[in-house]
file run.cif (mmCIF, C-alpha atoms)
data_data
loop_
_atom_site.group_PDB
_atom_site.id
_atom_site.type_symbol
_atom_site.label_atom_id
_atom_site.label_comp_id
_atom_site.auth_asym_id
_atom_site.auth_seq_id
_atom_site.Cartn_x
_atom_site.Cartn_y
_atom_site.Cartn_z
ATOM 1 C CA MET A 1 160.419 73.639 136.132
ATOM 2 C CA PRO A 2 158.158 71.098 134.394
ATOM 3 C CA GLY A 3 155.147 73.334 135.105
ATOM 4 C CA LYS A 4 156.948 76.433 133.815
ATOM 5 C CA LEU A 5 158.054 74.585 130.670
ATOM 6 C CA LEU A 6 154.467 73.473 130.030
ATOM 7 C CA SER A 7 153.272 77.070 130.353
ATOM 8 C CA ILE A 8 155.820 78.228 127.778
ATOM 9 C CA ILE A 9 154.715 75.508 125.337
ATOM 10 C CA ILE A 10 151.057 76.484 125.745
ATOM 11 C CA LEU A 11 151.901 80.168 125.257
ATOM 12 C CA LEU A 12 153.810 79.430 122.058
ATOM 13 C CA ALA A 13 150.876 77.356 120.764
ATOM 14 C CA LEU A 14 148.473 80.219 121.416
ATOM 15 C CA ILE A 15 150.735 82.677 119.608
ATOM 16 C CA SER A 16 150.887 80.497 116.468
ATOM 17 C CA CYS A 17 147.197 79.603 116.452
ATOM 18 C CA LYS A 18 144.119 81.796 116.672
ATOM 19 C CA LYS A 19 141.245 80.330 118.668
ATOM 20 C CA SER A 20 137.698 80.830 117.347
ATOM 21 C CA GLY A 21 134.892 79.157 119.298
ATOM 22 C CA ASN A 22 135.966 75.602 120.021
ATOM 23 C CA VAL A 23 138.127 75.311 116.900
ATOM 24 C CA ILE A 24 141.774 76.245 116.656
ATOM 25 C CA ASP A 25 142.179 78.525 113.656
ATOM 26 C CA ARG A 26 145.638 77.679 112.329
ATOM 27 C CA SER A 27 147.598 79.935 110.016
ATOM 28 C CA ASP A 28 150.035 77.345 108.646
ATOM 29 C CA LEU A 29 147.661 75.234 106.555
ATOM 30 C CA PRO A 30 149.021 74.105 103.169
ATOM 31 C CA PRO A 31 147.096 74.650 99.924
ATOM 32 C CA SER A 32 144.533 71.988 99.141
ATOM 33 C CA SER A 33 142.338 71.024 96.197
ATOM 34 C CA SER A 34 139.529 68.478 95.887
ATOM 35 C CA MET A 35 137.820 67.620 92.606
ATOM 36 C CA ASP A 36 134.218 66.536 91.991
ATOM 37 C CA VAL A 37 133.086 66.854 95.586
ATOM 38 C CA SER A 38 129.397 65.976 95.856
ATOM 39 C CA TYR A 39 126.992 68.531 97.331
ATOM 40 C CA GLY A 40 123.858 66.547 96.383
ATOM 41 C CA ASN A 41 122.604 63.192 95.172
ATOM 42 C CA ASN A 42 122.536 63.979 91.458
ATOM 43 C CA PRO A 43 125.744 63.220 89.492
ATOM 44 C CA SER A 44 125.727 66.811 88.210
ATOM 45 C CA GLN A 45 125.809 68.257 91.716
ATOM 46 C CA ARG A 46 129.579 68.395 92.019
ATOM 47 C CA MET A 47 132.151 71.064 92.789
ATOM 48 C CA ASP A 48 135.903 71.534 92.655
ATOM 49 C CA ILE A 49 137.391 73.077 95.794
ATOM 50 C CA TYR A 50 140.602 75.124 95.970
ATOM 51 C CA LEU A 51 141.763 76.162 99.441
ATOM 52 C CA PRO A 52 144.692 78.589 99.736
ATOM 53 C CA GLU A 53 147.825 78.281 101.790
ATOM 54 C CA GLY A 54 147.740 79.899 105.220
ATOM 55 C CA ARG A 55 143.947 80.169 105.252
ATOM 56 C CA THR A 56 142.099 81.083 108.429
ATOM 57 C CA ARG A 57 138.458 81.426 109.350
ATOM 58 C CA ALA A 58 139.073 85.052 110.209
ATOM 59 C CA LYS A 59 140.593 86.278 106.948
ATOM 60 C CA THR A 60 139.967 83.815 104.093
ATOM 61 C CA LYS A 61 137.077 84.794 101.842
ATOM 62 C CA PHE A 62 135.484 82.421 99.365
ATOM 63 C CA LEU A 63 134.381 82.815 95.772
ATOM 64 C CA VAL A 64 131.722 80.610 94.165
ATOM 65 C CA MET A 65 132.155 80.218 90.380
ATOM 66 C CA VAL A 66 129.181 79.363 88.127
ATOM 67 C CA HIS A 67 129.749 78.326 84.495
ATOM 68 C CA GLY A 68 127.582 79.327 81.558
ATOM 69 C CA GLY A 69 125.948 77.367 78.766
ATOM 70 C CA GLY A 70 122.366 78.576 78.420
ATOM 71 C CA TRP A 71 121.190 76.487 81.420
ATOM 72 C CA THR A 72 121.484 73.450 79.113
ATOM 73 C CA GLY A 73 125.234 72.919 78.661
ATOM 74 C CA GLY A 74 128.673 73.891 79.870
ATOM 75 C CA ASP A 75 130.910 72.526 82.585
ATOM 76 C CA LYS A 76 132.921 73.838 85.519
ATOM 77 C CA GLY A 77 136.114 72.818 83.744
ATOM 78 C CA GLU A 78 135.652 75.785 81.417
ATOM 79 C CA LEU A 79 136.596 78.061 84.326
ATOM 80 C CA ASN A 80 139.788 76.250 85.362
ATOM 81 C CA ALA A 81 142.134 78.718 83.665
ATOM 82 C CA ILE A 82 140.310 81.672 85.219
ATOM 83 C CA ILE A 83 140.561 80.124 88.666
ATOM 84 C CA ALA A 84 144.276 79.439 88.199
ATOM 85 C CA ARG A 85 144.803 83.101 87.403
ATOM 86 C CA PHE A 86 142.716 84.371 90.293
ATOM 87 C CA GLN A 87 144.529 82.090 92.723
ATOM 88 C CA THR A 88 147.591 84.283 92.173
ATOM 89 C CA MET A 89 145.695 87.586 92.022
ATOM 90 C CA LEU A 90 143.403 86.870 94.987
ATOM 91 C CA PRO A 91 145.555 84.743 97.320
ATOM 92 C CA ASP A 92 143.259 85.283 100.317
ATOM 93 C CA TYR A 93 140.318 83.543 98.581
ATOM 94 C CA ALA A 94 139.144 79.959 98.490
ATOM 95 C CA PHE A 95 137.424 78.959 95.239
ATOM 96 C CA PHE A 96 134.433 76.695 94.750
ATOM 97 C CA ASN A 97 133.755 75.871 91.093
ATOM 98 C CA ILE A 98 130.345 74.255 90.744
ATOM 99 C CA ASN A 99 128.436 72.141 88.277
ATOM 100 C CA TYR A 100 124.650 72.038 88.445
ATOM 101 C CA ARG A 101 121.783 70.152 86.836
ATOM 102 C CA LEU A 102 121.266 71.100 83.195
ATOM 103 C CA PHE A 103 117.978 71.129 81.341
ATOM 104 C CA ASP A 104 118.079 68.327 78.751
ATOM 105 C CA GLY A 105 114.819 69.060 76.965
ATOM 106 C CA THR A 106 112.764 67.042 79.446
ATOM 107 C CA ASN A 107 114.423 66.889 82.847
ATOM 108 C CA ASN A 108 115.698 69.639 85.136
ATOM 109 C CA LYS A 109 113.404 72.448 84.096
ATOM 110 C CA TYR A 110 114.071 75.771 85.753
ATOM 111 C CA PRO A 111 114.444 76.444 88.734
ATOM 112 C CA ALA A 112 116.591 73.310 89.191
ATOM 113 C CA GLN A 113 119.675 75.371 88.320
ATOM 114 C CA GLU A 114 118.853 78.129 90.812
ATOM 115 C CA ASP A 115 118.135 75.537 93.497
ATOM 116 C CA ASP A 116 121.489 73.856 92.912
ATOM 117 C CA VAL A 117 123.460 77.060 93.436
ATOM 118 C CA GLN A 118 121.670 77.494 96.760
ATOM 119 C CA SER A 119 122.379 73.862 97.690
ATOM 120 C CA ALA A 120 126.050 74.229 96.834
ATOM 121 C CA ILE A 121 126.344 77.281 99.063
ATOM 122 C CA ASN A 122 124.551 75.522 101.912
ATOM 123 C CA TYR A 123 127.074 72.702 101.597
ATOM 124 C CA ILE A 124 130.022 75.114 101.668
ATOM 125 C CA LEU A 125 128.637 76.857 104.752
ATOM 126 C CA SER A 126 128.309 73.522 106.537
ATOM 127 C CA LYS A 127 132.050 73.018 105.999
ATOM 128 C CA THR A 128 133.544 76.426 106.811
ATOM 129 C CA ASP A 129 135.146 75.164 110.017
ATOM 130 C CA GLU A 130 136.579 72.143 108.237
ATOM 131 C CA TYR A 131 137.852 74.267 105.342
ATOM 132 C CA SER A 132 139.051 77.032 107.680
ATOM 133 C CA ILE A 133 137.393 79.847 105.723
ATOM 134 C CA SER A 134 135.273 82.831 106.710
ATOM 135 C CA HIS A 135 131.662 83.619 105.810
ATOM 136 C CA LYS A 136 132.719 86.400 103.433
ATOM 137 C CA MET A 137 131.216 85.181 100.169
ATOM 138 C CA VAL A 138 131.570 86.439 96.603
ATOM 139 C CA LEU A 139 129.713 85.035 93.586
ATOM 140 C CA MET A 140 130.922 85.085 89.981
ATOM 141 C CA GLY A 141 129.481 83.689 86.783
ATOM 142 C CA ALA A 142 129.541 83.872 83.002
ATOM 143 C CA SER A 143 126.444 84.127 80.792
ATOM 144 C CA ALA A 144 123.743 81.827 82.260
ATOM 145 C CA GLY A 145 126.107 81.281 85.184
ATOM 146 C CA ALA A 146 126.215 85.037 85.754
ATOM 147 C CA HIS A 147 122.414 85.073 85.784
ATOM 148 C CA LEU A 148 122.465 82.378 88.488
ATOM 149 C CA ALA A 149 125.186 84.167 90.469
ATOM 150 C CA LEU A 150 123.296 87.481 90.374
ATOM 151 C CA LEU A 151 120.047 85.821 91.361
ATOM 152 C CA GLN A 152 121.711 84.076 94.295
ATOM 153 C CA ALA A 153 123.311 87.326 95.433
ATOM 154 C CA TYR A 154 120.130 89.418 95.334
ATOM 155 C CA LYS A 155 117.346 86.921 96.020
ATOM 156 C CA HIS A 156 118.756 84.354 98.446
ATOM 157 C CA LEU A 157 119.922 86.372 101.437
ATOM 158 C CA LEU A 158 119.765 83.443 103.856
ATOM 159 C CA PRO A 159 121.661 81.697 105.228
ATOM 160 C CA LEU A 160 124.370 84.106 104.020
ATOM 161 C CA ARG A 161 124.304 87.415 102.189
ATOM 162 C CA ALA A 162 126.930 87.773 99.455
ATOM 163 C CA ARG A 163 129.445 90.607 99.896
ATOM 164 C CA ALA A 164 129.880 91.071 96.131
ATOM 165 C CA VAL A 165 128.910 89.533 92.808
ATOM 166 C CA VAL A 166 130.632 89.609 89.415
ATOM 167 C CA SER A 167 128.668 89.157 86.183
ATOM 168 C CA PHE A 168 130.315 88.371 82.873
ATOM 169 C CA TYR A 169 127.597 89.164 80.285
ATOM 170 C CA GLY A 170 124.698 87.596 82.170
ATOM 171 C CA PRO A 171 120.951 87.957 81.489
ATOM 172 C CA THR A 172 119.348 90.088 84.187
ATOM 173 C CA ASP A 173 115.677 90.597 83.214
ATOM 174 C CA LEU A 174 114.195 87.475 81.649
ATOM 175 C CA VAL A 175 110.889 89.160 80.826
ATOM 176 C CA GLU A 176 112.663 91.800 78.750
ATOM 177 C CA PHE A 177 115.028 89.135 77.405
ATOM 178 C CA TYR A 178 112.059 87.076 76.195
ATOM 179 C CA ASN A 179 110.032 89.982 74.813
ATOM 180 C CA ASN A 180 112.984 91.444 72.890
ATOM 181 C CA PRO A 181 114.989 88.359 71.907
ATOM 182 C CA PRO A 182 118.430 88.811 70.341
ATOM 183 C CA SER A 183 117.817 85.733 68.177
ATOM 184 C CA PRO A 184 114.766 83.759 66.978
ATOM 185 C CA ALA A 185 115.909 80.715 68.965
ATOM 186 C CA LEU A 186 115.653 82.393 72.360
ATOM 187 C CA GLN A 187 111.889 82.336 72.904
ATOM 188 C CA PRO A 188 111.480 78.603 72.112
ATOM 189 C CA SER A 189 114.480 77.858 74.348
ATOM 190 C CA LEU A 190 113.050 79.767 77.303
ATOM 191 C CA ASN A 191 109.605 78.259 76.702
ATOM 192 C CA ALA A 192 111.157 74.809 76.952
ATOM 193 C CA LEU A 193 113.327 75.665 79.967
ATOM 194 C CA PHE A 194 110.420 77.051 82.000
ATOM 195 C CA GLY A 195 107.589 75.105 80.430
ATOM 196 C CA PHE A 196 105.688 78.298 79.602
ATOM 197 C CA SER A 197 106.050 81.864 78.370
ATOM 198 C CA PRO A 198 105.969 85.095 80.422
ATOM 199 C CA GLU A 199 102.491 85.715 79.076
ATOM 200 C CA GLN A 200 101.389 82.428 80.627
ATOM 201 C CA ASN A 201 103.266 82.889 83.920
ATOM 202 C CA LEU A 202 104.758 86.337 84.362
ATOM 203 C CA SER A 203 105.570 85.817 88.028
ATOM 204 C CA ALA A 204 107.860 82.848 87.324
ATOM 205 C CA TYR A 205 109.953 84.914 84.915
ATOM 206 C CA GLN A 206 110.090 87.805 87.370
ATOM 207 C CA GLN A 207 111.158 85.441 90.144
ATOM 208 C CA ALA A 208 113.999 84.299 87.885
ATOM 209 C CA SER A 209 115.134 87.858 87.077
ATOM 210 C CA PRO A 210 117.947 89.376 89.176
ATOM 211 C CA THR A 211 116.767 92.949 88.492
ATOM 212 C CA PHE A 212 113.488 92.118 90.223
ATOM 213 C CA PHE A 213 115.313 91.666 93.571
ATOM 214 C CA VAL A 214 117.645 94.665 93.616
ATOM 215 C CA ASN A 215 117.337 96.886 96.690
ATOM 216 C CA GLY A 216 119.504 99.143 98.798
ATOM 217 C CA GLN A 217 121.041 96.172 100.644
ATOM 218 C CA SER A 218 122.094 94.291 97.514
ATOM 219 C CA ALA A 219 125.663 93.055 97.089
ATOM 220 C CA ALA A 220 128.245 95.292 95.442
ATOM 221 C CA THR A 221 128.167 94.379 91.762
ATOM 222 C CA LEU A 222 130.746 94.360 88.980
ATOM 223 C CA ILE A 223 129.321 93.859 85.470
ATOM 224 C CA LEU A 224 131.456 93.119 82.394
ATOM 225 C CA HIS A 225 129.912 92.962 78.925
ATOM 226 C CA GLY A 226 130.856 93.085 75.268
ATOM 227 C CA ASN A 227 129.122 95.762 73.227
ATOM 228 C CA LEU A 228 128.865 93.414 70.213
ATOM 229 C CA ASP A 229 127.244 90.558 72.150
ATOM 230 C CA GLN A 230 124.559 88.913 69.983
ATOM 231 C CA LEU A 231 123.533 86.271 72.546
ATOM 232 C CA VAL A 232 122.951 88.438 75.609
ATOM 233 C CA PRO A 233 122.660 92.078 74.534
ATOM 234 C CA VAL A 234 124.523 94.680 76.556
ATOM 235 C CA SER A 235 121.143 96.284 77.252
ATOM 236 C CA GLN A 236 120.619 93.524 79.844
ATOM 237 C CA SER A 237 123.609 94.780 81.827
ATOM 238 C CA ILE A 238 122.571 98.410 81.392
ATOM 239 C CA LEU A 239 119.149 97.546 82.836
ATOM 240 C CA LEU A 240 120.842 96.058 85.884
ATOM 241 C CA LYS A 241 123.215 98.978 86.321
ATOM 242 C CA ASN A 242 120.303 101.429 86.246
ATOM 243 C CA LYS A 243 118.469 99.422 88.921
ATOM 244 C CA LEU A 244 121.561 99.263 91.121
ATOM 245 C CA GLN A 245 122.232 102.959 90.633
ATOM 246 C CA ALA A 246 118.673 103.882 91.602
ATOM 247 C CA ALA A 247 118.923 101.730 94.731
ATOM 248 C CA GLY A 248 122.251 103.256 95.769
ATOM 249 C CA VAL A 249 124.196 99.993 95.457
ATOM 250 C CA ASN A 250 127.940 100.077 94.796
ATOM 251 C CA ASN A 251 128.347 98.967 91.211
ATOM 252 C CA GLN A 252 130.504 99.236 88.116
ATOM 253 C CA LEU A 253 129.708 98.411 84.482
ATOM 254 C CA VAL A 254 132.650 97.798 82.157
ATOM 255 C CA VAL A 255 131.691 97.618 78.470
ATOM 256 C CA TYR A 256 134.230 96.345 75.941
ATOM 257 C CA PRO A 257 133.351 98.151 72.681
ATOM 258 C CA TYR A 258 134.683 95.548 70.242
ATOM 259 C CA GLU A 259 133.970 92.334 72.134
ATOM 260 C CA ALA A 260 131.069 89.890 71.762
ATOM 261 C CA HIS A 261 129.935 87.034 74.040
ATOM 262 C CA GLY A 262 133.263 86.354 75.740
ATOM 263 C CA TRP A 263 136.769 87.595 75.033
ATOM 264 C CA THR A 264 140.476 86.857 75.343
ATOM 265 C CA GLY A 265 143.742 88.773 75.119
ATOM 266 C CA ALA A 266 144.014 92.330 76.395
ATOM 267 C CA SER A 267 140.306 92.551 77.199
ATOM 268 C CA LEU A 268 140.455 89.435 79.378
ATOM 269 C CA GLU A 269 143.565 90.766 81.097
ATOM 270 C CA ASP A 270 141.691 93.975 81.827
ATOM 271 C CA SER A 271 138.769 91.954 83.198
ATOM 272 C CA TYR A 272 141.073 90.152 85.627
ATOM 273 C CA ASN A 273 142.378 93.500 86.843
ATOM 274 C CA GLN A 274 138.866 94.929 87.122
ATOM 275 C CA VAL A 275 137.752 91.999 89.270
ATOM 276 C CA GLN A 276 140.809 92.214 91.523
ATOM 277 C CA ALA A 277 140.381 95.963 92.053
ATOM 278 C CA PHE A 278 136.636 95.727 92.648
ATOM 279 C CA LEU A 279 136.856 92.923 95.200
ATOM 280 C CA THR A 280 139.760 94.599 96.973
ATOM 281 C CA ALA A 281 137.676 97.758 97.298
ATOM 282 C CA HIS A 282 134.370 96.179 98.320
ATOM 283 C CA VAL A 283 135.065 92.950 100.210
ATOM 284 C CA ASN A 284 136.832 93.410 103.538
#
call {"tool": "encode", "arguments": {"input": "run.cif", "output": "C-alpha cells"}}
result
Amino acid sequence: MPGKLLSIIILLALISCKKSGNVIDRSDLPPSSSMDVSYGNNPSQRMDIYLPEGRTRAKTKFLVMVHGGGWTGGDKGELNAIIARFQTMLPDYAFFNINYRLFDGTNNKYPAQEDDVQSAINYILSKTDEYSISHKMVLMGASAGAHLALLQAYKHLLPLRARAVVSFYGPTDLVEFYNNPPSPALQPSLNALFGFSPEQNLSAYQQASPTFFVNGQSAATLILHGNLDQLVPVSQSILLKNKLQAAGVNNQLVVYPYEAHGWTGASLEDSYNQVQAFLTAHVN
C-alpha cells in the first residue's frame, strides 16, 4: 500500500506539472513584478519585469519594451500605462521594460543604445528557466525606442530571432532621415550622437538603419504612425513598409491621418487593438 500510494502521488505531480529538460515547468505560478533589475554595470542598465500568472516555459511569450526620447532622454516609466493595459489584453506575455544608456552630449555615443538592447535581451535569455518563459520574443518601441526595437529585430538574429516587432513612429533609415531632416535641429543632433555625418561615415549610418537589414526572414512587423508627425515623418515608416513588402515579410502599416508624434484617446485605443490582433495572428 505505501508503494501504491507513492505512485499515485507521483502521478498527480506529473499531471499538474510539465517537465522540460531538468526543470519542472509549473502552471500554477502567481504573477510577479520586479523593478529596476540590473542587466549591466551602468546605473542606466535597468529593467522592470512583469511575469504573468500561470506562466510556463512552453506557452509564455515575452515582450521587450523600449522607450523613446531621441536617444538622449526618456525613461521606461513612460510605458507603465501601456504595459498595464497590455497585461490584460495579452495575458500570455511577460513584459520587460528597459532603460538604456542615453547620450548626454559627451558620453554614450551611438551605438551604446543599440548595444544595451542586445545586452538586456541576453540577460533575459539567461533567466528564461528562472522566469518560466519561452523563447518566443516580441519587441516594441516608440520613436527612438522603435528604431532600437526594429534594429534589434532585423539585425541581431543571435542568440534569438524575434517573432514580431511593433514600431510606434520610429526612424527606419537614418541616412534618409539625415539628408531630408524634418527640422533644422536634427542634423546637429545626429552629428553629435554619432560623432560624424553620413558623408563622413556612411557605413555607420547604414549599420544603424533597420531598413538596411530587412530580408525575407525578418520578423513580422506592425508599424503605427501619425500622418502629421513633424519629428519623424511618416515617410520613414512608408520606406520600411516598402522594404518589407518587397522582401515578402508579413507586415502592416497603420497611419492615423490626424495624429502627430504620439496620440491618445480613440487612436490609442485602436493601436492597442491593432497590436493585440497582429501578435495573435503572427506569434504562436
call {"tool": "resolve_selection", "arguments": {"input": "run.cif", "expression": "the PyMOL selection byres ((chain A and resi 68) around 8)", "output": "number ranges by chain"}}
result
A: 66-67, 69-71, 73-75, 141-146
call {"tool": "resolve_selection", "arguments": {"input": "run.cif", "expression": "the PyMOL selection byres ((chain A and resi 84-101) around 6)", "output": "list in words"}}
result
Ser44, Gln45, Arg46, Met47, Asp48, Ile49, Tyr50, Leu51, Pro52, Thr60, Lys61, Phe62, Leu63, Val64, Met65, Val66, Lys76, Ala81, Ile82, Ile83, Leu102, Gln113 and Asp116 of chain A
call {"tool": "write_last_selection", "arguments": {"input": "run.cif", "atoms": "C-alpha atoms", "output": "compact mmCIF listing (two decimals), in the coordinates of the input"}}
result
# COMPACT_ATOMS: atom_id res chain seq x y z
CA SER A 44 125.73 66.81 88.21
CA GLN A 45 125.81 68.26 91.72
CA ARG A 46 129.58 68.40 92.02
CA MET A 47 132.15 71.06 92.79
CA ASP A 48 135.90 71.53 92.66
CA ILE A 49 137.39 73.08 95.79
CA TYR A 50 140.60 75.12 95.97
CA LEU A 51 141.76 76.16 99.44
CA PRO A 52 144.69 78.59 99.74
CA THR A 60 139.97 83.82 104.09
CA LYS A 61 137.08 84.79 101.84
CA PHE A 62 135.48 82.42 99.36
CA LEU A 63 134.38 82.82 95.77
CA VAL A 64 131.72 80.61 94.16
CA MET A 65 132.16 80.22 90.38
CA VAL A 66 129.18 79.36 88.13
CA LYS A 76 132.92 73.84 85.52
CA ALA A 81 142.13 78.72 83.66
CA ILE A 82 140.31 81.67 85.22
CA ILE A 83 140.56 80.12 88.67
CA LEU A 102 121.27 71.10 83.20
CA GLN A 113 119.68 75.37 88.32
CA ASP A 116 121.49 73.86 92.91
call {"tool": "resolve_selection", "arguments": {"input": "run.cif", "expression": "the PyMOL selection byres ((chain A and resi 241) around 9)", "output": "JSON, numbers by chain"}}
result
{"A": [221, 223, 236, 237, 238, 239, 240, 242, 243, 244, 245, 246, 251, 252, 253]}
call {"tool": "write_last_selection", "arguments": {"input": "run.cif", "atoms": "C-alpha atoms", "output": "JSON list (two decimals), in the frame of the given file"}}
result
[["chain", "number", "residue", "atom", "x", "y", "z"],
["A", 221, "THR", "CA", 128.17, 94.38, 91.76],
["A", 223, "ILE", "CA", 129.32, 93.86, 85.47],
["A", 236, "GLN", "CA", 120.62, 93.52, 79.84],
["A", 237, "SER", "CA", 123.61, 94.78, 81.83],
["A", 238, "ILE", "CA", 122.57, 98.41, 81.39],
["A", 239, "LEU", "CA", 119.15, 97.55, 82.84],
["A", 240, "LEU", "CA", 120.84, 96.06, 85.88],
["A", 242, "ASN", "CA", 120.30, 101.43, 86.25],
["A", 243, "LYS", "CA", 118.47, 99.42, 88.92],
["A", 244, "LEU", "CA", 121.56, 99.26, 91.12],
["A", 245, "GLN", "CA", 122.23, 102.96, 90.63],
["A", 246, "ALA", "CA", 118.67, 103.88, 91.60],
["A", 251, "ASN", "CA", 128.35, 98.97, 91.21],
["A", 252, "GLN", "CA", 130.50, 99.24, 88.12],
["A", 253, "LEU", "CA", 129.71, 98.41, 84.48]]
call {"tool": "residues_around", "arguments": {"input": "run.cif", "residues": "A:Phe103", "least_positions_apart": "2", "cutoff": "9 Å", "atoms": "only C-alpha atoms", "output": "ChimeraX atom specification"}}
result
/A:71-73,101,105-110,112-113,192-193
call {"tool": "write_last_selection", "arguments": {"input": "run.cif", "atoms": "C-alpha atoms", "output": "short mmCIF file (atom, residue, chain, number, x, y, z; two decimals), keeping the file's coordinate frame"}}
result
data_model
loop_
_atom_site.label_atom_id
_atom_site.label_comp_id
_atom_site.auth_asym_id
_atom_site.auth_seq_id
_atom_site.Cartn_x
_atom_site.Cartn_y
_atom_site.Cartn_z
CA TRP A 71 121.19 76.49 81.42
CA THR A 72 121.48 73.45 79.11
CA GLY A 73 125.23 72.92 78.66
CA ARG A 101 121.78 70.15 86.84
CA GLY A 105 114.82 69.06 76.96
CA THR A 106 112.76 67.04 79.45
CA ASN A 107 114.42 66.89 82.85
CA ASN A 108 115.70 69.64 85.14
CA LYS A 109 113.40 72.45 84.10
CA TYR A 110 114.07 75.77 85.75
CA ALA A 112 116.59 73.31 89.19
CA GLN A 113 119.68 75.37 88.32
CA ALA A 192 111.16 74.81 76.95
CA LEU A 193 113.33 75.67 79.97
#
call {"tool": "atom_distance", "arguments": {"input": "run.cif", "atom1": "atom CA of A:Val214", "atom2": "atom CA of A:Ile124"}}
result
24.5 Å
call {"tool": "closest_residue", "arguments": {"input": "run.cif", "among": "A:Tyr39, A:Thr211, A:Leu222, A:Pro184", "to": "A:Ser126", "atoms": "all atoms listed in the file"}}
result
A:Tyr39
call {"tool": "closest_residue", "arguments": {"input": "run.cif", "among": "A:Asn42, A:Pro31, A:Val166, A:Val175", "to": "A:Leu190", "atoms": "all atoms listed in the file"}}
result
A:Val175
call {"tool": "residues_around", "arguments": {"input": "run.cif", "residues": "A:Ser271", "least_positions_apart": "4", "cutoff": "8 Å", "atoms": "all atoms listed in the file", "output": "CSV table (one decimal) with C-alpha atoms, in the frame of the given file"}}
result
chain,number,residue,atom,x,y,z
A,224,LEU,CA,131.5,93.1,82.4
A,267,SER,CA,140.3,92.6,77.2
A,275,VAL,CA,137.8,92.0,89.3
call {"tool": "closest_atom_pairs", "arguments": {"input": "run.cif", "of": "stretch 159-277 of chain A", "to": "stretch 149-154 of chain A", "cutoff": "8 Å", "atoms": "only C-alpha atoms", "output": "CSV"}}
result
residue,atom,partner,partner_atom,distance
A:Arg161,CA,A:Ala153,CA,6.8
A:Ala162,CA,A:Ala153,CA,5.4
A:Ala164,CA,A:Ala153,CA,7.6
A:Val165,CA,A:Leu150,CA,6.5
A:Val166,CA,A:Leu150,CA,7.7
A:Ser167,CA,A:Leu150,CA,7.0
A:Thr172,CA,A:Leu150,CA,7.8
A:Ala208,CA,A:Leu151,CA,7.1
A:Ser209,CA,A:Leu151,CA,6.8
A:Pro210,CA,A:Leu151,CA,4.7
A:Phe213,CA,A:Tyr154,CA,5.6
A:Val214,CA,A:Tyr154,CA,6.1
A:Ser218,CA,A:Tyr154,CA,5.7
A:Ala219,CA,A:Ala153,CA,6.4
call {"tool": "closest_residue", "arguments": {"input": "run.cif", "among": "A:Gly226, A:Gly248, A:Gly77, A:Gly216", "to": "A:Thr264", "atoms": "all atoms listed in the file"}}
result
A:Gly226
call {"tool": "atom_distance", "arguments": {"input": "run.cif", "atom1": "atom CA of A:Leu186", "atom2": "atom CA of A:Asp229"}}
result
14.2 Å
call {"tool": "atom_distance", "arguments": {"input": "run.cif", "atom1": "atom CA of A:Gln206", "atom2": "atom CA of A:Tyr169"}}
result
18.9 Å
call {"tool": "closest_residue", "arguments": {"input": "run.cif", "among": "A:Leu157, A:Ala185, A:Val249, A:Leu174", "to": "A:Ser197", "atoms": "all atoms listed in the file"}}
result
A:Leu174
call {"tool": "closest_residue", "arguments": {"input": "run.cif", "among": "A:Tyr272, A:Tyr256, A:Phe278, A:Phe196", "to": "A:His225", "atoms": "only C-alpha atoms"}}
result
A:Tyr256
call {"tool": "closest_residue", "arguments": {"input": "run.cif", "among": "A:Val234, A:Ser134, A:Ile121, A:Val37", "to": "A:Pro159", "atoms": "only C-alpha atoms"}}
result
A:Ile121
